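Notes to accompany the following structure.
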Amino acid sequence: KTTLKIQTFLREKKSKTFTLLLSSPIHLKEIILGKFLSCMIVVGLMILFSAYSTGYLIFVGQPEIGPILTGYLGMLLIAGCYVSMGLFASSLTDNQIIAAAISFGLALFMWILGWGAHAAGSELGQLLEYLALVTHLEHFLKGLINSSDLVYYLSFIIFGLFLTHRVLESSRWR
């Protein structure tokens, strides 16, 4: 029986290999990027396996392919944001439940920001709407690839990985 286990930093700490991982000759950036990419491969496979209904729809009907493909691209990008938040939460604590609560709290916060945009004033509302993750996904679902949305998602992912790097770098010296 083969199982796929993605070792987040939490599992590394639980299995007492975290110190060994930090003292390895591999750069910390490469470790973080490897864990991020392994999680994204799993997410990408999940999205790919769920696309069988879309394939059937394309086989049976004549839908526009553009919005479908950009929707999948948007889903991968927003999943990358959630994975980077999860890696950051995993680097903060040794407890799996606390890491899950932090991840869920961050994801919920980024989702709720869009709601606050409608209740806030015009300038603050525009800022909150821009910061919300879901707002940028709407363009992808309409079939539009906007460079500002791509930059937002990639910046969010890079910032989450940067925060993870900072936390792990500080724990290296403890």
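Here's how to read the names in the structure tokens: chain A, B, ... by the order shown, residue numbers from 1 in each chain, ligand numbers from 1 in the order shown.
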
Which residues come within 12 Å of A:Met40, counting only C-alpha atoms, excluding same-chain residues fewer than 6 positions away, as a CSV table (one decimal) with N, CA, C and O atoms, in the first residue's frame?
chain,number,residue,atom,x,y,z
A,6,ILE,N,2.9,14.5,2.3
A,6,ILE,CA,3.6,15.7,2.1
A,6,ILE,C,4.1,16.1,3.4
A,6,ILE,O,3.3,16.4,4.3
A,33,LEU,N,10.7,26.1,-1.1
A,33,LEU,CA,10.2,26.0,-2.5
A,33,LEU,C,9.8,24.6,-2.8
A,33,LEU,O,8.8,24.3,-3.5
A,34,GLY,N,10.6,23.6,-2.4
A,34,GLY,CA,10.3,22.2,-2.6
A,34,GLY,C,9.0,21.8,-1.9
A,34,GLY,O,8.2,21.1,-2.5
A,46,MET,N,-5.4,17.2,-7.9
A,46,MET,CA,-6.8,17.2,-7.4
A,46,MET,C,-7.6,18.0,-8.4
A,46,MET,O,-8.7,17.5,-8.7
A,47,ILE,N,-7.2,19.1,-8.8
A,47,ILE,CA,-7.9,19.9,-9.8
A,47,ILE,C,-8.0,19.2,-11.1
A,47,ILE,O,-9.1,19.2,-11.7
A,48,LEU,N,-6.9,18.6,-11.5
A,48,LEU,CA,-7.0,17.8,-12.8
A,48,LEU,C,-7.9,16.7,-12.7
A,48,LEU,O,-8.7,16.5,-13.7
A,75,MET,N,-8.0,29.2,-10.2
A,75,MET,CA,-8.1,28.2,-9.1
A,75,MET,C,-6.7,27.8,-8.6
A,75,MET,O,-6.4,27.6,-7.4
A,76,LEU,N,-5.8,27.5,-9.6
A,76,LEU,CA,-4.4,27.2,-9.2
A,76,LEU,C,-3.7,28.3,-8.5
A,76,LEU,O,-3.0,28.1,-7.5
A,77,LEU,N,-3.9,29.5,-8.9
A,77,LEU,CA,-3.3,30.7,-8.3
A,77,LEU,C,-3.8,30.9,-6.9
A,77,LEU,O,-3.1,31.1,-5.9
A,78,ILE,N,-5.1,30.8,-6.7
A,78,ILE,CA,-5.7,31.0,-5.4
A,78,ILE,C,-5.3,29.9,-4.4
A,78,ILE,O,-5.1,30.1,-3.2
A,79,ALA,N,-5.2,28.7,-5.0
A,79,ALA,CA,-4.7,27.5,-4.2
A,79,ALA,C,-3.3,27.7,-3.8
A,79,ALA,O,-2.9,27.4,-2.6
A,80,GLY,N,-2.5,28.3,-4.6
A,80,GLY,CA,-1.1,28.7,-4.3
A,80,GLY,C,-1.1,29.6,-3.1
A,80,GLY,O,-0.2,29.5,-2.2
A,81,CYS,N,-2.0,30.6,-3.1
A,81,CYS,CA,-2.1,31.5,-2.0
A,81,CYS,C,-2.4,30.8,-0.7
A,81,CYS,O,-1.8,31.0,0.4
A,82,TYR,N,-3.4,29.9,-0.7
A,82,TYR,CA,-3.8,29.1,0.4
A,82,TYR,C,-2.6,28.2,0.9
A,82,TYR,O,-2.4,28.0,2.1
A,83,VAL,N,-1.9,27.6,0.0
A,83,VAL,CA,-0.8,26.7,0.3
A,83,VAL,C,0.3,27.5,1.0
A,83,VAL,O,0.9,27.1,2.0
A,84,SER,N,0.6,28.7,0.5
A,84,SER,CA,1.6,29.5,1.1
A,84,SER,C,1.2,30.0,2.5
A,84,SER,O,2.1,30.0,3.4
A,86,GLY,N,-0.7,28.2,4.4
A,86,GLY,CA,-0.6,26.9,5.2
A,86,GLY,C,0.8,26.6,5.6
A,86,GLY,O,1.1,26.2,6.7
A,87,LEU,N,1.8,26.8,4.7
A,87,LEU,CA,3.2,26.6,5.0
A,87,LEU,C,3.6,27.6,6.1
A,87,LEU,O,4.4,27.2,7.0
A,157,ILE,N,1.8,34.9,-2.9
A,157,ILE,CA,2.5,33.6,-2.7
A,157,ILE,C,3.9,33.9,-2.3
A,157,ILE,O,4.4,33.3,-1.3

For this session: Tell me which protein, DNA and RNA residues are within 10 Å of A:Thr93, counting only C-alpha atoms, leaving out same-chain ones fewer than 3 positions away, and put them as a PyMOL selection string.
Result: chain A and resi 9-10+13+88-90+96-99+102

Exercise. Of the candidates A:Asn95, A:Ser50, A:Ser155, A:Ser24, which one gets nearest to A:Leu133 if we count only C-alpha atoms?
Worked result: A:Ser155

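Atom CA of A:Ser53 to atom CA of A:Ile68 spans 11.7 Å [interatomic distance, one decimal].
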
Residues within 10 Å of A:Arg172, only C-alpha atoms, excluding chain neighbours under 5 positions, as an mmCIF file with N, CA and C atoms, in the first residue's frame:
data_model
loop_
_atom_site.group_PDB
_atom_site.id
_atom_site.type_symbol
_atom_site.label_atom_id
_atom_site.label_comp_id
_atom_site.auth_asym_id
_atom_site.auth_seq_id
_atom_site.Cartn_x
_atom_site.Cartn_y
_atom_site.Cartn_z
ATOM 1 N N PHE A 18 13.382 18.101 11.999
ATOM 2 C CA PHE A 18 13.424 19.521 11.656
ATOM 3 C C PHE A 18 14.834 20.090 11.827
ATOM 4 N N THR A 19 15.511 19.736 12.909
ATOM 5 C CA THR A 19 16.871 20.225 13.145
ATOM 6 C C THR A 19 17.815 19.691 12.077
ATOM 7 N N LEU A 21 16.943 18.892 9.070
ATOM 8 C CA LEU A 21 16.593 19.597 7.837
ATOM 9 C C LEU A 21 17.233 20.983 7.791
ATOM 10 N N LEU A 22 17.202 21.689 8.920
ATOM 11 C CA LEU A 22 17.786 23.033 8.950
ATOM 12 C C LEU A 22 19.307 23.010 8.865
ATOM 13 N N SER A 23 19.929 21.924 9.300
ATOM 14 C CA SER A 23 21.389 21.858 9.258
ATOM 15 C C SER A 23 21.906 21.204 7.971
ATOM 16 N N LEU A 28 17.719 27.089 2.705
ATOM 17 C CA LEU A 28 16.366 27.141 3.250
ATOM 18 C C LEU A 28 15.348 27.532 2.184
ATOM 19 N N ARG A 166 11.369 33.673 6.888
ATOM 20 C CA ARG A 166 11.786 34.463 8.047
ATOM 21 C C ARG A 166 11.576 33.683 9.346
ATOM 22 N N VAL A 167 10.441 33.012 9.464
ATOM 23 C CA VAL A 167 10.158 32.250 10.683
ATOM 24 C C VAL A 167 11.151 31.103 10.834
#

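Between atom CA of A:Tyr153 and atom CA of A:Ser122 lies a distance of 23.3 Å.
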